[in-house]
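A.B. asks: Structure file entry02.txt (compact mmCIF, C-alpha atoms and all ligand atoms) is given on the next line.
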# COMPACT_ATOMS: atom_id res chain seq x y z
CA MET A 1 6.64 7.24 23.40
CA ALA A 2 3.30 8.60 22.17
CA MET A 3 1.80 5.18 22.96
CA LEU A 4 2.74 5.26 26.64
CA HIS A 5 0.06 7.78 27.55
CA ASP A 6 -3.31 6.27 28.41
CA TRP A 7 -5.61 8.26 26.13
CA GLY A 8 -9.37 8.13 26.68
CA SER A 9 -11.21 7.13 23.52
CA ARG A 10 -14.05 9.59 24.19
CA ASP A 11 -11.87 12.31 25.66
CA ASP A 12 -11.31 15.69 24.00
CA GLN A 13 -7.54 15.33 23.99
CA PHE A 14 -7.66 12.14 21.97
CA LEU A 15 -10.41 13.46 19.70
CA ARG A 16 -8.24 16.48 18.90
CA LEU A 17 -5.30 14.21 17.93
CA ASN A 18 -7.65 12.21 15.73
CA ARG A 19 -9.00 15.34 14.03
CA GLU A 20 -5.47 16.58 13.35
CA VAL A 21 -4.46 13.23 11.84
CA LEU A 22 -7.50 13.16 9.55
CA ALA A 23 -7.06 16.78 8.51
CA ARG A 24 -3.43 16.11 7.49
CA LEU A 25 -4.00 13.12 5.20
CA PRO A 26 -5.82 14.55 2.12
CA ALA A 27 -3.12 17.20 1.61
CA ILE A 28 -0.52 14.44 1.10
CA VAL A 29 -2.19 13.74 -2.27
CA GLY A 30 -3.18 17.32 -3.12
CA GLY A 31 -6.75 16.72 -1.97
CA GLU A 32 -7.15 19.40 0.68
CA THR A 33 -10.18 21.00 -0.93
CA ASP A 34 -12.22 18.14 -2.42
CA PHE A 35 -11.22 15.09 -0.38
CA VAL A 36 -11.84 13.80 3.13
CA ALA A 37 -10.00 11.12 5.09
CA VAL A 38 -12.09 8.50 6.86
CA PRO A 39 -10.31 6.18 9.30
CA MET A 40 -11.09 2.49 9.57
CA GLN A 41 -9.99 0.42 12.55
CA GLY A 42 -8.03 -2.69 11.59
CA SER A 43 -5.32 -3.56 9.10
CA GLY A 44 -5.10 -2.13 5.60
CA THR A 45 -7.43 -4.74 4.15
CA PHE A 46 -10.26 -3.39 6.31
CA ALA A 47 -9.86 0.00 4.60
CA ILE A 48 -9.79 -1.62 1.14
CA GLU A 49 -12.92 -3.60 1.90
CA ALA A 50 -14.63 -0.49 3.35
CA MET A 51 -13.71 1.52 0.23
CA LEU A 52 -14.92 -1.12 -2.22
CA THR A 53 -18.12 -2.08 -0.46
CA THR A 54 -19.16 1.49 0.38
CA LEU A 55 -18.29 3.30 -2.82
CA VAL A 56 -19.44 0.60 -5.24
CA PRO A 57 -23.23 0.30 -5.14
CA PRO A 58 -24.68 -3.21 -4.69
CA ARG A 59 -25.20 -3.68 -8.42
CA GLY A 60 -22.20 -1.63 -9.56
CA LYS A 61 -19.71 -3.43 -11.77
CA VAL A 62 -15.99 -3.09 -11.08
CA LEU A 63 -13.01 -3.66 -13.36
CA VAL A 64 -10.17 -5.04 -11.20
CA LEU A 65 -6.64 -4.67 -12.53
CA SER A 66 -4.70 -7.51 -10.97
CA ASN A 67 -1.02 -8.46 -11.08
CA GLY A 68 -0.45 -9.87 -7.63
CA ALA A 69 -1.89 -10.96 -4.30
CA TYR A 70 -3.49 -7.59 -3.50
CA GLY A 71 -5.33 -7.43 -6.81
CA ARG A 72 -6.54 -10.98 -6.14
CA ARG A 73 -7.61 -9.95 -2.64
CA ALA A 74 -9.73 -7.06 -3.99
CA ARG A 75 -11.33 -9.49 -6.38
CA ARG A 76 -12.16 -11.81 -3.49
CA ILE A 77 -13.66 -8.93 -1.48
CA LEU A 78 -15.92 -8.00 -4.39
CA GLU A 79 -16.95 -11.61 -4.99
CA LEU A 80 -17.92 -12.04 -1.33
CA ALA A 81 -19.81 -8.73 -1.44
CA ARG A 82 -21.56 -10.00 -4.59
CA ARG A 83 -20.52 -7.04 -6.72
CA PRO A 84 -20.41 -7.90 -10.43
CA LEU A 85 -16.83 -7.68 -11.68
CA ALA A 86 -14.49 -7.97 -14.61
CA VAL A 87 -10.82 -8.80 -14.09
CA TYR A 88 -7.93 -7.75 -16.29
CA GLU A 89 -5.07 -9.88 -15.05
CA THR A 90 -1.43 -9.58 -16.11
CA PRO A 91 1.55 -11.64 -14.92
CA GLU A 92 3.17 -10.54 -11.66
CA ASP A 93 6.08 -8.86 -13.46
CA THR A 94 3.87 -7.05 -15.98
CA PRO A 95 1.91 -3.83 -15.41
CA PRO A 96 -1.55 -3.49 -16.96
CA ASP A 97 -1.51 -1.90 -20.42
CA PRO A 98 -3.50 1.37 -20.29
CA ALA A 99 -4.59 0.86 -23.93
CA ILE A 100 -6.22 -2.44 -22.95
CA VAL A 101 -7.95 -0.77 -19.99
CA GLU A 102 -9.32 1.76 -22.45
CA ARG A 103 -10.58 -0.97 -24.78
CA ILE A 104 -12.31 -2.82 -21.93
CA LEU A 105 -14.05 0.37 -20.79
CA ALA A 106 -15.06 1.24 -24.34
CA ARG A 107 -16.89 -2.04 -24.83
CA SER A 108 -18.29 -2.47 -21.28
CA PRO A 109 -20.64 0.39 -20.37
CA ALA A 110 -21.78 -1.50 -17.24
CA ILE A 111 -18.38 -0.96 -15.58
CA GLY A 112 -18.73 2.02 -13.26
CA HIS A 113 -15.52 1.68 -11.23
CA VAL A 114 -11.93 0.69 -11.92
CA PHE A 115 -9.69 -0.62 -9.15
CA ALA A 116 -5.88 -0.71 -9.35
CA VAL A 117 -2.96 -1.26 -6.96
CA TYR A 118 -0.33 1.50 -7.06
CA CYS A 119 2.67 -0.50 -5.83
CA GLU A 120 1.76 -4.22 -5.90
CA THR A 121 3.76 -5.29 -2.87
CA THR A 122 3.67 -8.94 -3.95
CA SER A 123 6.50 -8.17 -6.39
CA GLY A 124 7.27 -4.48 -5.70
CA ILE A 125 6.05 -3.49 -9.17
CA LEU A 126 4.98 0.05 -9.95
CA ASN A 127 1.68 0.14 -11.83
CA PRO A 128 1.00 3.05 -14.25
CA ILE A 129 -1.53 4.92 -12.11
CA PRO A 130 -1.41 8.33 -13.90
CA ALA A 131 -2.03 6.80 -17.35
CA ILE A 132 -4.89 4.63 -16.06
CA ALA A 133 -6.39 7.55 -14.09
CA GLU A 134 -6.49 9.70 -17.21
CA ILE A 135 -8.33 7.01 -19.20
CA VAL A 136 -10.79 6.20 -16.41
CA ALA A 137 -11.65 9.90 -16.00
CA ARG A 138 -11.96 10.47 -19.76
CA ARG A 139 -14.32 7.50 -19.97
CA GLY A 140 -16.40 8.95 -17.11
CA ARG A 141 -15.81 6.08 -14.64
CA ARG A 142 -14.62 6.19 -11.03
CA PHE A 143 -11.11 5.23 -10.05
CA LEU A 144 -10.32 3.49 -6.73
CA ILE A 145 -6.69 2.89 -5.76
CA ASP A 146 -5.01 0.53 -3.31
CA ALA A 147 -2.20 2.92 -2.36
CA MET A 148 -1.31 1.00 0.79
CA SER A 149 2.42 0.67 0.13
CA ALA A 150 2.71 3.92 -1.85
CA PHE A 151 0.89 6.62 0.13
CA GLY A 152 3.43 9.04 1.61
CA ALA A 153 6.37 7.93 -0.55
CA LEU A 154 5.29 7.69 -4.18
CA PRO A 155 3.95 10.85 -5.82
CA LEU A 156 0.21 11.17 -6.39
CA ASP A 157 -1.58 14.48 -6.82
CA ALA A 158 -5.33 14.61 -7.28
CA ARG A 159 -4.99 17.91 -9.16
CA GLY A 160 -3.07 16.20 -11.98
CA THR A 161 -4.05 12.54 -11.62
CA PRO A 162 -7.82 12.19 -11.32
CA PHE A 163 -8.96 9.55 -8.84
CA ASP A 164 -11.96 9.20 -6.56
CA ALA A 165 -10.65 7.31 -3.55
CA LEU A 166 -7.58 5.56 -2.26
CA ALA A 167 -7.03 3.27 0.69
CA ALA A 168 -3.84 3.24 2.77
CA SER A 169 -2.71 2.56 6.33
CA ALA A 170 -0.71 4.08 9.17
CA ASN A 171 2.02 1.48 9.19
CA LYS A 172 3.67 1.47 5.76
CA CYS A 173 5.31 4.56 4.24
CA LEU A 174 3.92 6.81 6.97
CA GLU A 175 5.87 4.70 9.49
CA GLY A 176 3.19 4.54 12.19
CA VAL A 177 2.27 1.34 14.01
CA PRO A 178 -0.28 -1.21 12.68
CA GLY A 179 -3.98 -1.05 13.54
CA LEU A 180 -5.48 1.74 11.44
CA GLY A 181 -6.38 1.99 7.78
CA PHE A 182 -7.98 4.98 6.10
CA VAL A 183 -9.67 6.01 2.88
CA VAL A 184 -9.00 9.37 1.25
CA CYS A 185 -12.12 9.98 -0.78
CA ARG A 186 -13.66 12.71 -2.92
CA ARG A 187 -16.22 14.26 -0.54
CA GLU A 188 -18.98 14.38 -3.13
CA ILE A 189 -18.64 10.69 -3.94
CA LEU A 190 -18.69 9.63 -0.32
CA ALA A 191 -21.75 11.85 0.26
CA GLY A 192 -23.53 9.94 -2.51
CA ALA A 193 -22.63 6.51 -1.10
CA LYS A 194 -25.21 6.33 1.68
CA GLY A 195 -26.88 2.93 1.83
CA ASN A 196 -24.36 1.14 -0.42
CA ALA A 197 -22.53 -0.67 2.36
CA THR A 198 -23.23 -4.35 2.79
CA THR A 199 -21.60 -4.59 6.22
CA LEU A 200 -22.12 -2.51 9.35
CA ALA A 201 -18.56 -2.21 10.65
CA LEU A 202 -17.04 -1.32 7.27
CA ASP A 203 -19.64 1.28 6.29
CA LEU A 204 -17.40 4.20 5.38
CA HIS A 205 -20.30 6.58 4.87
CA ASP A 206 -21.67 5.90 8.35
CA GLN A 207 -18.18 6.14 9.85
CA TRP A 208 -17.69 9.51 8.15
CA THR A 209 -21.05 11.09 9.00
CA THR A 210 -20.80 9.96 12.63
CA LEU A 211 -17.31 11.42 12.95
CA GLU A 212 -18.44 14.67 11.31
CA ARG A 213 -21.50 14.96 13.50
CA THR A 214 -20.07 13.92 16.86
CA GLY A 215 -16.27 13.91 16.50
CA GLN A 216 -16.48 10.34 17.84
CA PHE A 217 -15.86 6.93 16.34
CA ARG A 218 -18.87 4.62 16.14
CA PHE A 219 -16.89 1.77 17.72
CA THR A 220 -13.77 1.69 19.91
CA PRO A 221 -10.89 3.32 18.05
CA PRO A 222 -7.27 2.10 18.37
CA VAL A 223 -6.35 5.11 20.48
CA HIS A 224 -2.67 4.30 20.97
CA VAL A 225 -2.25 3.63 17.27
CA ILE A 226 -3.76 7.01 16.42
CA ALA A 227 -1.57 8.77 19.01
CA ALA A 228 1.49 7.12 17.47
CA PHE A 229 0.23 8.02 13.98
CA HIS A 230 -0.04 11.68 15.03
CA ARG A 231 3.61 11.57 16.04
CA ALA A 232 4.60 9.66 12.87
CA LEU A 233 2.97 12.36 10.70
CA ALA A 234 5.02 15.06 12.46
CA GLU A 235 8.16 13.04 11.62
CA PHE A 236 6.93 12.64 8.04
CA ASP A 237 6.57 16.44 7.73
CA ALA A 238 9.99 16.98 9.31
CA GLU A 239 11.52 14.68 6.70
CA GLY A 240 10.08 16.79 3.89
CA GLY A 241 6.87 14.89 3.15
CA VAL A 242 6.59 12.71 0.06
CA ALA A 243 9.73 14.11 -1.57
CA GLY A 244 11.90 13.53 1.50
CA ARG A 245 10.55 10.12 2.37
CA GLY A 246 10.34 8.89 -1.20
CA GLY A 247 13.89 10.14 -1.77
CA ARG A 248 15.24 8.16 1.17
CA TYR A 249 13.42 4.98 0.11
CA GLY A 250 14.69 5.46 -3.45
CA GLU A 251 18.26 5.61 -2.18
CA ASN A 252 17.68 2.54 0.05
CA CYS A 253 16.36 0.67 -2.97
CA ARG A 254 19.26 1.68 -5.22
CA VAL A 255 21.89 0.65 -2.62
CA LEU A 256 20.10 -2.66 -2.04
CA ARG A 257 19.67 -3.59 -5.72
CA GLU A 258 23.24 -2.67 -6.63
CA GLY A 259 24.75 -4.48 -3.67
CA MET A 260 22.64 -7.60 -4.20
CA GLN A 261 23.55 -7.73 -7.87
CA LYS A 262 27.24 -7.52 -6.92
CA LEU A 263 26.69 -10.54 -4.67
CA GLY A 264 25.10 -12.41 -7.60
CA PHE A 265 21.37 -12.07 -6.86
CA VAL A 266 18.96 -11.30 -9.70
CA PRO A 267 16.11 -8.82 -9.11
CA LEU A 268 12.78 -9.79 -10.66
CA LEU A 269 12.03 -6.35 -12.08
CA PRO A 270 14.01 -3.97 -14.30
CA PRO A 271 14.58 -0.50 -12.79
CA PRO A 272 11.70 1.29 -14.58
CA LEU A 273 9.16 -1.14 -13.05
CA GLN A 274 10.76 -1.23 -9.60
CA ALA A 275 8.95 0.82 -6.94
CA PRO A 276 11.32 1.85 -4.11
CA ILE A 277 9.26 -0.05 -1.54
CA ILE A 278 10.25 -3.72 -1.62
CA VAL A 279 12.57 -5.64 -3.94
CA THR A 280 11.93 -9.20 -5.13
CA PHE A 281 14.95 -11.38 -5.89
CA ARG A 282 14.88 -14.69 -7.70
CA MET A 283 15.81 -17.63 -5.48
CA PRO A 284 19.39 -18.62 -6.39
CA ALA A 285 19.67 -22.06 -7.98
CA HIS A 286 22.86 -22.90 -6.03
CA PRO A 287 22.42 -26.30 -4.31
CA ARG A 288 23.74 -25.02 -0.97
CA PHE A 289 21.45 -21.98 -0.93
CA VAL A 290 18.71 -23.04 1.51
CA PHE A 291 16.23 -20.22 2.16
CA PRO A 292 15.33 -21.08 5.78
CA ARG A 293 19.06 -21.08 6.65
CA PHE A 294 19.53 -17.80 4.79
CA TYR A 295 16.57 -16.28 6.65
CA ALA A 296 17.74 -17.56 10.05
CA GLY A 297 21.32 -16.35 9.48
CA LEU A 298 20.05 -12.86 8.69
CA LYS A 299 17.65 -12.86 11.61
CA LYS A 300 20.51 -13.78 13.95
CA ARG A 301 22.33 -10.70 12.65
CA GLY A 302 19.32 -8.46 13.25
CA TYR A 303 17.81 -8.35 9.74
CA LEU A 304 14.34 -9.65 8.91
CA ILE A 305 13.48 -10.25 5.27
CA TYR A 306 10.30 -11.52 3.59
CA PRO A 307 9.63 -14.83 1.93
CA GLY A 308 8.50 -14.60 -1.69
CA LYS A 309 4.82 -14.19 -2.47
CA LEU A 310 4.98 -14.75 -6.23
CA MET A 311 3.13 -17.42 -8.18
CA LEU A 312 5.47 -16.72 -11.10
CA ALA A 313 8.83 -17.81 -9.64
CA ASP A 314 10.55 -18.94 -6.46
CA SER A 315 11.74 -15.75 -4.80
CA PHE A 316 12.31 -13.74 -1.64
CA ARG A 317 11.85 -10.04 -0.84
CA ILE A 318 13.71 -7.31 1.01
CA GLY A 319 11.93 -4.16 2.13
CA CYS A 320 13.24 -0.60 1.66
CA ILE A 321 10.69 1.21 3.86
CA GLY A 322 10.39 1.98 7.54
CA ARG A 323 12.93 3.80 9.66
CA LEU A 324 15.82 2.56 7.50
CA TYR A 325 18.63 4.52 5.89
CA PRO A 326 21.21 3.63 3.21
CA GLU A 327 23.65 2.67 6.02
CA ASP A 328 21.11 0.07 7.16
CA MET A 329 20.93 -1.35 3.64
CA ARG A 330 24.74 -1.57 3.57
CA GLY A 331 24.61 -3.33 6.93
CA ALA A 332 22.09 -5.81 5.53
CA LEU A 333 24.31 -6.42 2.49
CA ALA A 334 27.31 -7.15 4.75
CA ALA A 335 25.14 -9.59 6.74
CA ILE A 336 23.96 -11.26 3.53
CA GLU A 337 27.55 -11.67 2.35
CA ALA A 338 28.49 -13.23 5.70
CA VAL A 339 25.55 -15.66 5.59
CA LEU A 340 26.38 -16.72 2.03
CA GLU A 341 29.92 -17.46 3.17
CA GLU A 342 28.63 -19.42 6.15
CA MET A 343 26.46 -21.52 3.78
CA GLY A 344 29.38 -22.00 1.39
CA VAL A 345 27.51 -20.31 -1.44
CA SER A 346 29.19 -18.14 -4.01
CA LEU A 347 27.03 -16.73 -6.80
CA ALA A 348 28.22 -15.28 -10.10
CA PRO A 349 27.64 -11.52 -10.02
CA ALA A 350 24.46 -10.68 -11.94
CA GLU A 351 24.54 -8.15 -14.74
CA ALA A 352 22.80 -4.91 -13.93
CA ALA A 353 19.17 -5.30 -14.97
C1 LIG A 401 0.02 -4.09 3.06
C2 LIG A 401 -0.88 -3.99 1.89
C3 LIG A 401 -2.27 -4.14 2.02
C4 LIG A 401 -2.99 -4.40 3.33
O1 LIG A 401 -2.51 -5.47 4.00
P1 LIG A 401 -2.91 -5.69 5.55
O2 LIG A 401 -2.13 -6.91 5.90
O3 LIG A 401 -4.36 -5.86 5.62
O4 LIG A 401 -2.45 -4.45 6.28
C5 LIG A 401 -3.06 -3.98 0.90
N1 LIG A 401 -2.52 -3.71 -0.29
C6 LIG A 401 -1.20 -3.56 -0.47
C7 LIG A 401 -0.67 -3.23 -1.83
C8 LIG A 401 -0.33 -3.69 0.63
O5 LIG A 401 0.99 -3.55 0.46
Turn this file's structure into structure tokens for me.
C.D. replies:
Amino acid sequence: MAMLHDWGSRDDQFLRLNREVLARLPAIVGGETDFVAVPMQGSGTFAIEAMLTTLVPPRGKVLVLSNGAYGRRARRILELARRPLAVYETPEDTPPDPAIVERILARSPAIGHVFAVYCETTSGILNPIPAIAEIVARRGRRFLIDAMSAFGALPLDARGTPFDALAASANKCLEGVPGLGFVVCRREILAGAKGNATTLALDLHDQWTTLERTGQFRFTPPVHVIAAFHRALAEFDAEGGVAGRGGRYGENCRVLREGMQKLGFVPLLPPPLQAPIIVTFRMPAHPRFVFPRFYAGLKKRGYLIYPGKLMLADSFRIGCIGRLYPEDMRGALAAIEAVLEEMGVSLAPAEAA
């Protein structure tokens, strides 16, 4: 509904919506005093690239913690931007070991920034952000987080978990529409980042100072996306913020995992490593289980799932986020059971992982 109004990108009414959206975001991670939110037009990757290439100076070295496609993407961004980097890579089902992060930082004084992904959506794994944050802060380095699929649902509080910036977007756990990313950044760090950027459009410092000075975006903003985001944030507050939304996703995830295991599917991750965002299942070995038929059968019944994105194993994924409730997960499970029957596939129930 919010998108049906034709907002003017330079008009006061739109600029007020935009200001309200930006003012709301830092408080979601306990950053209302020391942090600012800077929007970046585009998908989430634009915000990640803006964060990395603005906050890391041209000769600053970054340690990238990578256990999936988004860690690899950050690495690629830094390579293209010619930032020196070190990569600590673990398999897609294995979180980085904070003790190893500490050892790398101890022996590499040139590393000024550490980058990690909160929930690596490739697998759905939860990475140990608080433990890493504590080490990075104790070692006097800066901590940058890809919180794209976590912000708004997984807990993060700057007052207890020290970090310097995170990137997220309107269209994941905040349930807006796609087209806007943003960076929530410690004000003092952003203020010191003038001149670091190696692109014009993704210069977060310039974006921030222009917005502060004029209230206006430098370049055309996605006005309808921001209007919808304003509305989505009101719904987020009405649901009880991070606790309410994270609670609902947690229940979705539990219903999904239990039901899928009853049908014989095997989740990739054990419960302590499973973020309640997206669940990866191993591809069943049954000869009549053909993924494109499985996908099409579910689509016909109104359920869209995700192909696997793992290098580690053949898999597929089912999301727990968005405007979905446990009843929807039960509906999906019934549809999955019906499609299995249609394909003539019966799987041995998996033991609870
Ligand atoms: C979705 C996502 C992104 C950004 O992806 P876009 O397709 O650019 O929106 C980045 N990191 C993670 C962990 C994500 O889940």
A.B. asks: Around ligand LIG 401 (chain A), at most 6 Å away and counting all atoms listed in the file, which residues are there? Put them as a ChimeraX atom specification, please.
C.D. replies: /A:43-45,70,117,119-121,146,148-149
A.B. asks: In Å, how far is it from CA of Pro128 in chain A to CA of Arg159 in chain A?
C.D. replies: 16.8 Å
A.B. asks: List the spatial neighbours of range 301-317 of chain A as number ranges by chain - criterion: any atom at most 9 Å away, only C-alpha atoms, same-chain residues fewer than 6 positions off excluded.
C.D. replies: A: 68-69, 91-93, 121-124, 268, 278-284, 291, 295, 331-332, 335
A.B. asks: Write the residues of the preceding selection, restricted to C-alpha atoms, as a PDB file, keeping the file's coordinate frame.
C.D. replies:
ATOM      1  CA  GLY A  68      -0.450  -9.870  -7.630  1.00  0.00           C
ATOM      2  CA  ALA A  69      -1.890 -10.960  -4.300  1.00  0.00           C
ATOM      3  CA  PRO A  91       1.550 -11.640 -14.920  1.00  0.00           C
ATOM      4  CA  GLU A  92       3.170 -10.540 -11.660  1.00  0.00           C
ATOM      5  CA  ASP A  93       6.080  -8.860 -13.460  1.00  0.00           C
ATOM      6  CA  THR A 121       3.760  -5.290  -2.870  1.00  0.00           C
ATOM      7  CA  THR A 122       3.670  -8.940  -3.950  1.00  0.00           C
ATOM      8  CA  SER A 123       6.500  -8.170  -6.390  1.00  0.00           C
ATOM      9  CA  GLY A 124       7.270  -4.480  -5.700  1.00  0.00           C
ATOM     10  CA  LEU A 268      12.780  -9.790 -10.660  1.00  0.00           C
ATOM     11  CA  ILE A 278      10.250  -3.720  -1.620  1.00  0.00           C
ATOM     12  CA  VAL A 279      12.570  -5.640  -3.940  1.00  0.00           C
ATOM     13  CA  THR A 280      11.930  -9.200  -5.130  1.00  0.00           C
ATOM     14  CA  PHE A 281      14.950 -11.380  -5.890  1.00  0.00           C
ATOM     15  CA  ARG A 282      14.880 -14.690  -7.700  1.00  0.00           C
ATOM     16  CA  MET A 283      15.810 -17.630  -5.480  1.00  0.00           C
ATOM     17  CA  PRO A 284      19.390 -18.620  -6.390  1.00  0.00           C
ATOM     18  CA  PHE A 291      16.230 -20.220   2.160  1.00  0.00           C
ATOM     19  CA  TYR A 295      16.570 -16.280   6.650  1.00  0.00           C
ATOM     20  CA  GLY A 331      24.610  -3.330   6.930  1.00  0.00           C
ATOM     21  CA  ALA A 332      22.090  -5.810   5.530  1.00  0.00           C
ATOM     22  CA  ALA A 335      25.140  -9.590   6.740  1.00  0.00           C
TER      23      ALA A 335
END
A.B. asks: Would you mind reading off the distance between CA of Glu342 in chain A and CA of Gly264 in chain A, one decimal, in Å?
C.D. replies: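 Calculated distance between CA of Glu342 in chain A and CA of Gly264 in chain A is 15.8 Å.
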A.B. asks: Expressed in Å to a single decimal, how great is the separation between CA of Gln41 in chain A and CA of Leu22 in chain A?
C.D. replies: 13.3 Å
A.B. asks: Measuring between all atoms listed in the file, which one of A:Met51, A:Ala234, A:Ile28, A:Ala227 shows the shortest distance to Phe14 in chain A?
C.D. replies: A:Ala227
A.B. asks: With distances taken over only C-alpha atoms, which residue among A:Leu85, A:Val242, A:Leu333, A:Leu256 lies nearest Leu174 in chain A?
C.D. replies: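 Smallest separation from Leu174 in chain A among the options: A:Val242.
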A.B. asks: List as a PyMOL selection string the protein and nucleic acid residues near range 175-192 of chain A, meaning an atom at most 8 Å away when only C-alpha atoms are counted, but skip any in the same chain fewer than 5 places from it.
C.D. replies: chain A and resi 25-26+34-48+51+55+164-170+204-205+222+225-226+228-229+232-233+322-323
A.B. asks: List the neighbours of Ile104 in chain A out to 10 Å using all atoms listed in the file; skip same-chain residues closer than 3 positions along the sequence, and give me the result as a ChimeraX atom specification.
C.D. replies: /A:63,86-88,98-101,107-109,111
A.B. asks: What's around range 244-247 of chain A at 12 Å? Count only C-alpha atoms, leave out sequence neighbours fewer than 5 positions away in its own chain, and write the answer as a PyMOL selection string.
C.D. replies: chain A and resi 28+149-156+172-175+233+235-239+252-254+275-277+320-326
A.B. asks: Hey, what's within 12 Å of Glu79 in chain A if we count all atoms listed in the file and toss same-chain stuff fewer than 3 positions away? As a ChimeraX atom specification, please?
C.D. replies: /A:49,52-53,58-59,61-62,64,72-76,82-87
A.B. asks: Using only C-alpha atoms for the distances, tell me which of A:Lys194, A:His5, A:Arg139, A:Arg288 is nearest to Pro57 in chain A.
C.D. replies: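 For Pro57 in chain A, the nearest of the candidates is A:Lys194.
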A.B. asks: May I ask which of the residues A:Asn171, A:Pro96, A:Thr199, A:Asp6 is the closest one to Thr54 in chain A, counting all atoms listed in the file?
C.D. replies: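 Among A:Asn171, A:Pro96, A:Thr199, A:Asp6, it is A:Thr199 that comes nearest to Thr54 in chain A.
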A.B. asks: Between A:Ala158, A:Leu126, A:Ile135, A:Met260, single out the one closest to Leu273 in chain A, counting only C-alpha atoms.
C.D. replies: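 Comparing A:Ala158, A:Leu126, A:Ile135, A:Met260 against Leu273 in chain A, the winner is A:Leu126.
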A.B. asks: Would you please work out which residue, of A:Leu65, A:Leu263, A:Ala338, A:Ile77, is nearest to Thr198 in chain A when using all atoms listed in the file?
C.D. replies: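 With all atoms listed in the file as the atom set, the closest residue is A:Ile77.
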A.B. asks: Using all atoms listed in the file, what residues lie at most 12 Å away from (-5.2, 12.1, -12.5) (file coordinates), given as a VMD selection string?
C.D. replies: chain A and resid 29 to 31 128 to 138 142 to 145 155 to 165
